[in-house]
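Have a look at model-v3.cif; it's mmCIF, C-alpha atoms and all ligand atoms:
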```
data_work
#
loop_
_atom_site.group_PDB
_atom_site.id
_atom_site.type_symbol
_atom_site.label_atom_id
_atom_site.label_comp_id
_atom_site.auth_asym_id
_atom_site.auth_seq_id
_atom_site.Cartn_x
_atom_site.Cartn_y
_atom_site.Cartn_z
ATOM 1 C CA MET A 163 18.572 54.018 -21.575
ATOM 2 C CA VAL A 164 18.858 54.789 -17.837
ATOM 3 C CA LYS A 165 16.991 52.261 -15.754
ATOM 4 C CA ASP A 166 14.820 53.624 -12.960
ATOM 5 C CA ASP A 167 15.097 51.112 -10.114
ATOM 6 C CA LYS A 168 11.964 52.435 -8.435
ATOM 7 C CA LYS A 169 9.732 51.459 -11.365
ATOM 8 C CA GLU A 170 7.880 48.144 -11.190
ATOM 9 C CA TRP A 171 9.006 45.765 -13.980
ATOM 10 C CA PHE A 172 5.752 46.028 -15.942
ATOM 11 C CA ALA A 173 5.821 49.840 -15.843
ATOM 12 C CA GLU A 174 9.305 49.775 -17.379
ATOM 13 C CA TRP A 175 9.379 46.907 -19.907
ATOM 14 C CA PHE A 176 5.950 47.421 -21.514
ATOM 15 C CA ASP A 177 6.791 51.109 -22.045
ATOM 16 C CA THR A 178 9.938 50.414 -24.094
ATOM 17 C CA SER A 179 10.143 50.330 -27.883
ATOM 18 C CA TYR A 180 11.886 46.922 -27.548
ATOM 19 C CA TYR A 181 8.732 45.317 -26.103
ATOM 20 C CA HIS A 182 6.850 46.358 -29.234
ATOM 21 C CA ILE A 183 9.642 45.101 -31.510
ATOM 22 C CA LEU A 184 9.721 41.678 -29.797
ATOM 23 C CA TYR A 185 5.948 41.267 -30.059
ATOM 24 C CA LYS A 186 5.380 42.993 -33.409
ATOM 25 C CA HIS A 187 4.106 39.767 -35.004
ATOM 26 C CA ARG A 188 1.034 39.495 -32.760
ATOM 27 C CA ASP A 189 -1.835 38.151 -34.769
ATOM 28 C CA LEU A 190 -4.291 40.987 -35.463
ATOM 29 C CA LYS A 191 -6.698 38.726 -37.356
ATOM 30 C CA GLU A 192 -6.814 36.342 -34.411
ATOM 31 C CA ALA A 193 -7.540 39.241 -32.031
ATOM 32 C CA GLU A 194 -10.387 40.407 -34.282
ATOM 33 C CA ARG A 195 -11.824 36.903 -34.572
ATOM 34 C CA PHE A 196 -11.774 36.613 -30.779
ATOM 35 C CA ILE A 197 -13.619 39.922 -30.368
ATOM 36 C CA SER A 198 -16.226 38.898 -32.986
ATOM 37 C CA ASN A 199 -16.770 35.597 -31.167
ATOM 38 C CA LEU A 200 -17.064 37.352 -27.809
ATOM 39 C CA LEU A 201 -19.555 39.945 -29.029
ATOM 40 C CA GLY A 202 -21.589 37.217 -30.737
ATOM 41 C CA PHE A 203 -21.752 35.440 -27.402
ATOM 42 C CA LEU A 204 -22.275 38.361 -24.996
ATOM 43 C CA ASP A 205 -25.703 39.906 -25.099
ATOM 44 C CA LEU A 206 -24.494 43.492 -24.684
ATOM 45 C CA PRO A 207 -26.956 46.397 -24.877
ATOM 46 C CA GLU A 208 -26.940 48.482 -28.057
ATOM 47 C CA ASN A 209 -24.179 51.146 -27.921
ATOM 48 C CA ALA A 210 -22.753 49.426 -24.848
ATOM 49 C CA ASN A 211 -20.072 51.399 -23.028
ATOM 50 C CA CYS A 212 -16.882 49.323 -22.707
ATOM 51 C CA LEU A 213 -13.462 49.551 -21.096
ATOM 52 C CA ASP A 214 -10.420 47.772 -22.565
ATOM 53 C CA LEU A 215 -8.294 47.464 -19.409
ATOM 54 C CA ALA A 216 -4.549 47.191 -20.173
ATOM 55 C CA CYS A 217 -5.258 47.858 -23.863
ATOM 56 C CA GLY A 218 -1.639 48.213 -25.068
ATOM 57 C CA LYS A 219 -1.679 50.031 -28.420
ATOM 58 C CA GLY A 220 -5.432 49.405 -28.635
ATOM 59 C CA ARG A 221 -5.823 46.581 -31.162
ATOM 60 C CA HIS A 222 -8.913 45.123 -29.412
ATOM 61 C CA SER A 223 -10.344 48.577 -28.584
ATOM 62 C CA VAL A 224 -10.231 49.639 -32.230
ATOM 63 C CA TYR A 225 -12.097 46.524 -33.353
ATOM 64 C CA LEU A 226 -14.679 46.699 -30.516
ATOM 65 C CA ASN A 227 -15.366 50.260 -31.636
ATOM 66 C CA LYS A 228 -15.575 49.218 -35.292
ATOM 67 C CA LEU A 229 -18.316 46.772 -34.273
ATOM 68 C CA GLY A 230 -20.371 49.638 -32.803
ATOM 69 C CA LEU A 231 -19.373 49.882 -29.141
ATOM 70 C CA LYS A 232 -18.386 52.990 -27.249
ATOM 71 C CA VAL A 233 -14.864 52.157 -26.039
ATOM 72 C CA THR A 234 -12.265 53.563 -23.690
ATOM 73 C CA GLY A 235 -8.867 51.858 -23.722
ATOM 74 C CA VAL A 236 -6.548 52.414 -20.745
ATOM 75 C CA ASP A 237 -2.988 51.260 -20.105
ATOM 76 C CA LEU A 238 -0.119 52.117 -17.777
ATOM 77 C CA SER A 239 2.275 52.617 -20.708
ATOM 78 C CA SER A 240 2.193 56.240 -21.870
ATOM 79 C CA ASN A 241 4.069 55.292 -25.057
ATOM 80 C CA SER A 242 1.427 52.695 -25.992
ATOM 81 C CA ILE A 243 -1.400 55.107 -25.225
ATOM 82 C CA GLY A 244 0.339 57.833 -27.239
ATOM 83 C CA SER A 245 0.324 55.529 -30.227
ATOM 84 C CA ALA A 246 -3.274 54.296 -29.627
ATOM 85 C CA LYS A 247 -4.519 57.885 -29.531
ATOM 86 C CA GLU A 248 -4.010 58.089 -33.303
ATOM 87 C CA PHE A 249 -7.150 55.936 -33.624
ATOM 88 C CA GLU A 250 -9.359 58.120 -31.392
ATOM 89 C CA ASN A 251 -12.790 59.269 -32.546
ATOM 90 C CA GLU A 252 -16.088 60.410 -30.926
ATOM 91 C CA SER A 253 -16.729 56.968 -29.444
ATOM 92 C CA LEU A 254 -13.163 55.685 -29.000
ATOM 93 C CA LYS A 255 -10.863 57.233 -26.381
ATOM 94 C CA PHE A 256 -7.565 56.214 -24.765
ATOM 95 C CA ASP A 257 -5.973 57.204 -21.476
ATOM 96 C CA VAL A 258 -3.033 56.323 -19.211
ATOM 97 C CA HIS A 259 -4.294 54.532 -16.112
ATOM 98 C CA ASP A 260 -3.183 51.918 -13.553
ATOM 99 C CA MET A 261 -5.620 49.007 -13.502
ATOM 100 C CA ARG A 262 -5.318 48.664 -9.724
ATOM 101 C CA GLU A 263 -7.340 51.860 -9.405
ATOM 102 C CA VAL A 264 -10.876 52.882 -10.354
ATOM 103 C CA TYR A 265 -11.057 54.901 -13.593
ATOM 104 C CA LYS A 266 -14.800 55.757 -13.561
ATOM 105 C CA SER A 267 -17.347 54.280 -11.134
ATOM 106 C CA ASN A 268 -20.553 52.536 -12.234
ATOM 107 C CA GLU A 269 -19.853 53.424 -15.872
ATOM 108 C CA TYR A 270 -19.327 50.337 -18.024
ATOM 109 C CA ASP A 271 -21.547 47.558 -19.397
ATOM 110 C CA ALA A 272 -18.483 45.429 -20.114
ATOM 111 C CA ILE A 273 -14.791 45.447 -19.205
ATOM 112 C CA PHE A 274 -12.235 43.471 -21.208
ATOM 113 C CA ASN A 275 -8.846 42.407 -19.822
ATOM 114 C CA LEU A 276 -7.230 40.553 -22.688
ATOM 115 C CA PHE A 277 -4.105 38.637 -23.700
ATOM 116 C CA THR A 278 -2.657 37.849 -20.271
ATOM 117 C CA SER A 279 -2.861 41.350 -18.840
ATOM 118 C CA PHE A 280 -3.317 40.078 -15.279
ATOM 119 C CA GLY A 281 -1.083 38.580 -12.558
ATOM 120 C CA TYR A 282 1.883 40.930 -12.968
ATOM 121 C CA PHE A 283 1.984 41.859 -9.299
ATOM 122 C CA ASP A 284 3.816 40.220 -6.424
ATOM 123 C CA SER A 285 0.969 40.382 -3.951
ATOM 124 C CA ASP A 286 -2.490 38.863 -4.058
ATOM 125 C CA GLU A 287 -3.708 42.136 -2.618
ATOM 126 C CA ASP A 288 -2.938 43.826 -5.959
ATOM 127 C CA ASN A 289 -4.843 41.110 -7.871
ATOM 128 C CA LEU A 290 -7.776 41.746 -5.548
ATOM 129 C CA ASN A 291 -7.387 45.518 -6.066
ATOM 130 C CA VAL A 292 -7.703 45.032 -9.845
ATOM 131 C CA LEU A 293 -10.861 42.935 -9.480
ATOM 132 C CA ARG A 294 -12.390 45.239 -6.843
ATOM 133 C CA SER A 295 -11.761 48.207 -9.151
ATOM 134 C CA ILE A 296 -13.347 46.365 -12.084
ATOM 135 C CA ASN A 297 -16.368 45.624 -9.894
ATOM 136 C CA LYS A 298 -16.728 49.310 -8.965
ATOM 137 C CA MET A 299 -16.385 50.454 -12.582
ATOM 138 C CA LEU A 300 -19.104 48.106 -13.879
ATOM 139 C CA LYS A 301 -22.787 48.984 -13.927
ATOM 140 C CA PRO A 302 -25.058 46.565 -12.018
ATOM 141 C CA GLU A 303 -24.933 43.144 -13.752
ATOM 142 C CA GLY A 304 -22.060 44.374 -15.928
ATOM 143 C CA ILE A 305 -19.738 41.803 -17.468
ATOM 144 C CA VAL A 306 -15.967 41.352 -17.210
ATOM 145 C CA VAL A 307 -13.975 39.183 -19.628
ATOM 146 C CA ILE A 308 -10.557 38.043 -18.409
ATOM 147 C CA ASP A 309 -8.397 36.264 -20.992
ATOM 148 C CA PHE A 310 -5.409 34.591 -19.281
ATOM 149 C CA MET A 311 -3.025 31.811 -20.290
ATOM 150 C CA ASN A 312 -3.736 28.207 -19.236
ATOM 151 C CA VAL A 313 -0.842 27.924 -16.791
ATOM 152 C CA HIS A 314 -0.908 24.102 -16.796
ATOM 153 C CA LYS A 315 -0.286 23.918 -20.523
ATOM 154 C CA THR A 316 2.131 26.852 -20.481
ATOM 155 C CA ILE A 317 4.278 25.292 -17.734
ATOM 156 C CA ASN A 318 4.211 21.816 -19.300
ATOM 157 C CA ASN A 319 5.349 23.228 -22.642
ATOM 158 C CA LEU A 320 7.785 25.880 -21.418
ATOM 159 C CA VAL A 321 10.557 26.479 -23.965
ATOM 160 C CA GLU A 322 13.485 27.113 -21.624
ATOM 161 C CA SER A 323 15.714 28.913 -24.073
ATOM 162 C CA GLU A 324 15.372 30.466 -27.534
ATOM 163 C CA SER A 325 16.704 33.299 -29.682
ATOM 164 C CA LYS A 326 14.724 35.460 -32.093
ATOM 165 C CA GLU A 327 16.089 37.990 -34.553
ATOM 166 C CA ILE A 328 13.676 40.832 -35.198
ATOM 167 C CA ASP A 329 14.530 44.164 -36.875
ATOM 168 C CA GLY A 330 18.246 43.352 -36.613
ATOM 169 C CA ILE A 331 18.100 42.706 -32.844
ATOM 170 C CA THR A 332 18.781 39.220 -31.444
ATOM 171 C CA PHE A 333 16.539 38.662 -28.440
ATOM 172 C CA ASN A 334 17.795 35.864 -26.146
ATOM 173 C CA ILE A 335 14.887 34.524 -24.134
ATOM 174 C CA LYS A 336 15.022 32.233 -21.102
ATOM 175 C CA ARG A 337 11.880 30.942 -19.391
ATOM 176 C CA SER A 338 11.377 29.300 -15.997
ATOM 177 C CA PHE A 339 8.744 28.563 -13.365
ATOM 178 C CA ASP A 340 9.486 28.678 -9.628
ATOM 179 C CA GLY A 341 6.179 27.211 -8.427
ATOM 180 C CA ASP A 342 4.660 30.672 -8.177
ATOM 181 C CA HIS A 343 5.647 32.883 -11.117
ATOM 182 C CA ILE A 344 6.479 32.196 -14.754
ATOM 183 C CA TYR A 345 9.592 34.181 -15.669
ATOM 184 C CA LYS A 346 10.726 35.290 -19.095
ATOM 185 C CA ASN A 347 14.211 36.823 -19.069
ATOM 186 C CA ILE A 348 14.901 38.797 -22.214
ATOM 187 C CA SER A 349 18.410 40.003 -23.046
ATOM 188 C CA PHE A 350 19.803 41.647 -26.168
ATOM 189 C CA GLU A 351 22.224 44.227 -27.480
ATOM 190 C CA ASP A 352 21.334 47.304 -29.497
ATOM 191 C CA LYS A 353 23.656 50.057 -30.740
ATOM 192 C CA GLY A 354 26.466 48.856 -28.481
ATOM 193 C CA HIS A 355 24.342 48.709 -25.305
ATOM 194 C CA ALA A 356 23.375 45.517 -23.478
ATOM 195 C CA TYR A 357 19.842 45.337 -22.111
ATOM 196 C CA SER A 358 17.984 42.845 -19.974
ATOM 197 C CA PHE A 359 14.355 42.790 -18.912
ATOM 198 C CA GLN A 360 12.165 40.320 -17.104
ATOM 199 C CA GLU A 361 8.478 39.500 -17.566
ATOM 200 C CA ARG A 362 6.997 37.913 -14.464
ATOM 201 C CA VAL A 363 3.459 36.559 -14.444
ATOM 202 C CA GLN A 364 1.829 34.699 -11.574
ATOM 203 C CA GLY A 365 0.855 31.119 -12.441
ATOM 204 C CA ILE A 366 -2.801 31.669 -11.559
ATOM 205 C CA THR A 367 -4.873 28.482 -11.911
ATOM 206 C CA LYS A 368 -8.583 28.241 -12.640
ATOM 207 C CA GLU A 369 -9.252 27.366 -8.978
ATOM 208 C CA LYS A 370 -7.266 30.368 -7.757
ATOM 209 C CA PHE A 371 -9.173 32.681 -10.110
ATOM 210 C CA LEU A 372 -12.472 31.288 -8.805
ATOM 211 C CA ASP A 373 -11.399 32.234 -5.258
ATOM 212 C CA LEU A 374 -10.432 35.736 -6.418
ATOM 213 C CA PHE A 375 -13.813 36.227 -8.149
ATOM 214 C CA GLU A 376 -15.676 34.946 -5.090
ATOM 215 C CA ALA A 377 -13.806 37.412 -2.882
ATOM 216 C CA THR A 378 -14.541 40.419 -5.108
ATOM 217 C CA GLY A 379 -18.268 40.106 -5.880
ATOM 218 C CA PHE A 380 -18.459 38.280 -9.219
ATOM 219 C CA THR A 381 -20.527 35.357 -10.478
ATOM 220 C CA VAL A 382 -18.626 33.226 -13.004
ATOM 221 C CA LYS A 383 -20.928 32.665 -15.990
ATOM 222 C CA ASN A 384 -18.621 30.855 -18.466
ATOM 223 C CA ILE A 385 -15.086 29.483 -18.716
ATOM 224 C CA PHE A 386 -13.643 29.057 -22.210
ATOM 225 C CA GLY A 387 -10.337 27.532 -23.342
ATOM 226 C CA ASN A 388 -9.551 29.293 -26.624
ATOM 227 C CA PHE A 389 -10.451 32.245 -28.843
ATOM 228 C CA SER A 390 -13.141 30.142 -30.581
ATOM 229 C CA LEU A 391 -14.847 29.914 -27.160
ATOM 230 C CA ASP A 392 -14.604 26.135 -26.803
ATOM 231 C CA ALA A 393 -14.942 24.783 -23.259
ATOM 232 C CA PHE A 394 -11.841 24.993 -21.028
ATOM 233 C CA ASP A 395 -9.832 21.801 -20.652
ATOM 234 C CA GLU A 396 -6.881 21.990 -18.265
ATOM 235 C CA ASN A 397 -4.618 19.654 -20.270
ATOM 236 C CA ASN A 398 -5.279 20.913 -23.772
ATOM 237 C CA SER A 399 -6.603 24.477 -23.765
ATOM 238 C CA ASP A 400 -4.272 27.318 -24.727
ATOM 239 C CA ARG A 401 -6.240 29.979 -22.899
ATOM 240 C CA LEU A 402 -8.252 30.376 -19.693
ATOM 241 C CA ILE A 403 -11.063 32.833 -20.449
ATOM 242 C CA PHE A 404 -13.592 33.874 -17.801
ATOM 243 C CA ILE A 405 -16.859 35.679 -18.343
ATOM 244 C CA CYS A 406 -18.120 36.999 -15.009
ATOM 245 C CA GLU A 407 -21.052 39.137 -13.955
ATOM 246 C CA LYS A 408 -21.030 41.752 -11.220
ATOM 247 C CA LYS A 409 -23.204 40.436 -8.354
HETATM 248 C C1 LIG B 1 0.550 41.464 -22.706
HETATM 249 S S1 LIG B 1 0.198 43.150 -22.922
HETATM 250 C C2 LIG B 1 -1.418 43.072 -23.652
HETATM 251 C C3 LIG B 1 -1.884 44.384 -24.261
HETATM 252 C C4 LIG B 1 -3.214 44.331 -25.004
HETATM 253 N N1 LIG B 1 -4.306 43.872 -24.147
HETATM 254 C C5 LIG B 1 -3.111 43.470 -26.242
HETATM 255 O O1 LIG B 1 -3.654 42.367 -26.268
HETATM 256 O O2 LIG B 1 -2.461 43.909 -27.198
HETATM 257 C C6 LIG B 1 -0.087 43.700 -21.269
HETATM 258 C C7 LIG B 1 -0.389 45.179 -21.103
HETATM 259 O O3 LIG B 1 -0.672 45.433 -19.720
HETATM 260 C C8 LIG B 1 -0.223 46.746 -19.433
HETATM 261 N N2 LIG B 1 -0.113 46.907 -17.974
HETATM 262 C C9 LIG B 1 0.795 46.317 -17.153
HETATM 263 N N3 LIG B 1 0.570 46.685 -15.886
HETATM 264 C C10 LIG B 1 -0.489 47.542 -15.900
HETATM 265 C C11 LIG B 1 -1.182 48.261 -14.886
HETATM 266 N N4 LIG B 1 -0.823 48.171 -13.602
HETATM 267 N N5 LIG B 1 -2.235 49.026 -15.253
HETATM 268 C C12 LIG B 1 -2.579 49.129 -16.564
HETATM 269 N N6 LIG B 1 -1.960 48.470 -17.562
HETATM 270 C C13 LIG B 1 -0.928 47.685 -17.233
HETATM 271 C C14 LIG B 1 1.084 46.836 -20.177
HETATM 272 O O4 LIG B 1 1.535 48.156 -20.330
HETATM 273 C C15 LIG B 1 0.743 46.107 -21.480
HETATM 274 O O5 LIG B 1 0.307 47.022 -22.459
#
```
Could I get this structure in the form of structure tokens?
Ligand SMILES: C[S@@+](CC[C@H](N)C(=O)[O-])C[C@H]1O[C@@H](n2cnc3c(N)ncnc32)[C@H](O)[C@@H]1O
Amino acid sequence: MVKDDKKEWFAEWFDTSYYHILYKHRDLKEAERFISNLLGFLDLPENANCLDLACGKGRHSVYLNKLGLKVTGVDLSSNSIGSAKEFENESLKFDVHDMREVYKSNEYDAIFNLFTSFGYFDSDEDNLNVLRSINKMLKPEGIVVIDFMNVHKTINNLVESESKEIDGITFNIKRSFDGDHIYKNISFEDKGHAYSFQERVQGITKEKFLDLFEATGFTVKNIFGNFSLDAFDENNSDRLIFICEKK
């Protein structure tokens, strides 16, 4: 594989087959339970029009659609979208799109950004661009759900080094935090070639998110700490889940 130095890390790594091998054991049942809990909680209009922003191969989109919503899933990775397209139907569509830009203005009742699909950029301006775009894409009083990690718990429990063998490939993983970003360095060999990739996610705290929402025209309605939608607790919660309304 020839590396393109001009590509941002997330455009490169998430588009490889190795990313999908490393994360192939993601819990589908857990994702579906989360979506059921969310839809039970959100009072969305019948046949609500939804956007799954950074949808990957579409696991949440497919289930949202199964539960009766009109869904578009978008992601920067053309390989992931190519695979998600196999699930398309009249009310479920997928497209390649960069979440920093507006896809369709004033179109959606709800936008979902799930499983730590935020904070990949180096500048706060890009975080603001994502939220401003979400605001423009929502209908008046539309809802955005952002599901991020609880950085306090993640940093306190960081496993610095581990190896995982999946599909005959040994992935060597090293994690660190530099006070700003959480890094995951992933190296492995396959068919005689050595590869290394880095995931880099900003350690965005609850307080920082609140500032970002304030700056981009959202009212925070709820903050949950796990997929069962229990209240957020900085020391114990696994997740940091915001439900915000467009002002
Ligand atoms: C951790 S994965 C989560 C995928 C999906 N939400 C799920 O739960 O399976 C993050 C996703 O964000 C996508 N992504 C990264 N940067 C993006 C960008 N600028 N615009 C759109 N999608 C992006 C990646 O391609 C990847 O599919």
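Every residue having at least one atom no farther than 6 Å from ligand LIG 1 (chain B) is included below, with all atoms listed in the file taken into account: Phe172, Phe176, Ala216, Cys217, Gly218, Arg221, Asp237, Leu238, Ser239, His259, Asp260, Met261, Arg262, Leu276, Phe277, Thr278 and Ser279 of chain A.
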Got a sec: who's within 12 Å of Asp205 in chain A, counting only C-alpha atoms, leaving out chain neighbours fewer than 4 positions off, as a PyMOL selection string? chain A and resi 199-201+209-210+271-272+303-305+405
Can those selected residues be exported to a file as a PDB file, in the frame of the given file so that it contains C-alpha atoms?
```pdb
ATOM      1  CA  ASN A 199     -16.770  35.597 -31.167  1.00  0.00           C
ATOM      2  CA  LEU A 200     -17.064  37.352 -27.809  1.00  0.00           C
ATOM      3  CA  LEU A 201     -19.555  39.945 -29.029  1.00  0.00           C
ATOM      4  CA  ASN A 209     -24.179  51.146 -27.921  1.00  0.00           C
ATOM      5  CA  ALA A 210     -22.753  49.426 -24.848  1.00  0.00           C
ATOM      6  CA  ASP A 271     -21.547  47.558 -19.397  1.00  0.00           C
ATOM      7  CA  ALA A 272     -18.483  45.429 -20.114  1.00  0.00           C
ATOM      8  CA  GLU A 303     -24.933  43.144 -13.752  1.00  0.00           C
ATOM      9  CA  GLY A 304     -22.060  44.374 -15.928  1.00  0.00           C
ATOM     10  CA  ILE A 305     -19.738  41.803 -17.468  1.00  0.00           C
ATOM     11  CA  ILE A 405     -16.859  35.679 -18.343  1.00  0.00           C
TER      12      ILE A 405
END
```
Distance query 12 Å from (-9.4, 42.8, -34.4) using all atoms listed in the file, result as a VMD selection string: chain A and resid 188 to 201 220 to 229 389
For range 220-334 of chain A against range 361-376 of chain A, with a cut-off of 7 Å and counting all atoms listed in the file, what is the closest atom pair and its distance in Å to one decimal for every residue that makes the cut, ordered by chain and number, as JSON lines?
```
{"residue": "A:Gly281", "atom": "CA", "partner": "A:Gln364", "partner_atom": "CA", "distance": 5.0}
{"residue": "A:Tyr282", "atom": "CA", "partner": "A:Val363", "partner_atom": "CA", "distance": 4.9}
{"residue": "A:Leu290", "atom": "CA", "partner": "A:Leu374", "partner_atom": "CA", "distance": 6.6}
{"residue": "A:Val313", "atom": "CA", "partner": "A:Gly365", "partner_atom": "CA", "distance": 5.7}
```
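Closest to Leu293 in chain A among A:Leu254, A:Ile331, A:Val382, A:Val306 is A:Val306, based on all atoms listed in the file.
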Nearest to Glu263 in chain A by atom-to-atom distance, counting only C-alpha atoms, from A:Leu206, A:Lys326, A:Asn297, A:Val292: A:Val292
Apply the PyMOL selection byres (((chain A and resi 267) around 10) and not hetatm) to the file shown and report the selected residues as a PyMOL selection string. chain A and resi 264-266+268-270+295-301
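For the choices A:Phe310, A:Phe394, A:Phe274, A:Phe339, the atom-to-atom distance to Leu215 in chain A is smallest for A:Phe274 when using all atoms listed in the file.
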So that I can see what lies close to Phe350 in chain A, please list as a list in words the residues with an atom at most 9 Å from it, counting all atoms listed in the file and leaving out residues fewer than 5 positions away in the same chain. Ile331, Thr332, Phe333, Asn334, Ile335, His355, Ala356, Tyr357 and Ser358 of chain A
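You will find CA of Asp309 in chain A at 9.0 Å from CA of Phe386 in chain A.
Proximity to Asn211 in chain A was assessed for A:Ala246, A:Ile344, A:Leu231, A:Val307 counting only C-alpha atoms; the smallest distance is recorded for A:Leu231.
Going from CA of Lys408 in chain A over to CA of Gly379 in chain A, you cover 6.2 Å.
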List the residues sitting within 6 Å of (17.1, 39.0, -20.1) in the file's frame, using all atoms listed in the file, as a ChimeraX atom specification. /A:347-349,358-360
Across A:Ala377, A:Leu391, A:Leu402, A:Ile328, the smallest distance to His314 in chain A, with all atoms listed in the file counted, is shown by A:Leu402
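With distances restricted to all atoms listed in the file, A:Ser390 is the closest residue to Phe203 in chain A from A:Ser390, A:Ser285, A:Asn312, A:Glu327.
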Coordinates-based distance that separates CA of Asp177 in chain A from CA of Ser242 in chain A (Å, one decimal): 6.8 Å
Can you pull out every residue within 10 Å of Lys247 in chain A, counting all atoms listed in the file, but drop anything in the same chain fewer than 2 positions away, and send it as a PyMOL selection string? chain A and resi 219-220+235+242-245+249-251+254-257
Distance query Phe404 in chain A at most 6 Å, all atoms listed in the file, self and fewer than 5 positions along chain excluded, as a PyMOL selection string: chain A and resi 307-308+384-385
Using the file's own x, y and z axes, what box holds all listed atoms of range 263-277 of chain A with 4 Å on each side, keeping edges along x, y and z, and what are its centre and edge lengths in Å to one decimal, as lines of an AutoDock Vina configuration file?
```
center_x = -12.8
center_y = 47.2
center_z = -16.6
size_x = 25.4
size_y = 25.1
size_z = 22.3
```
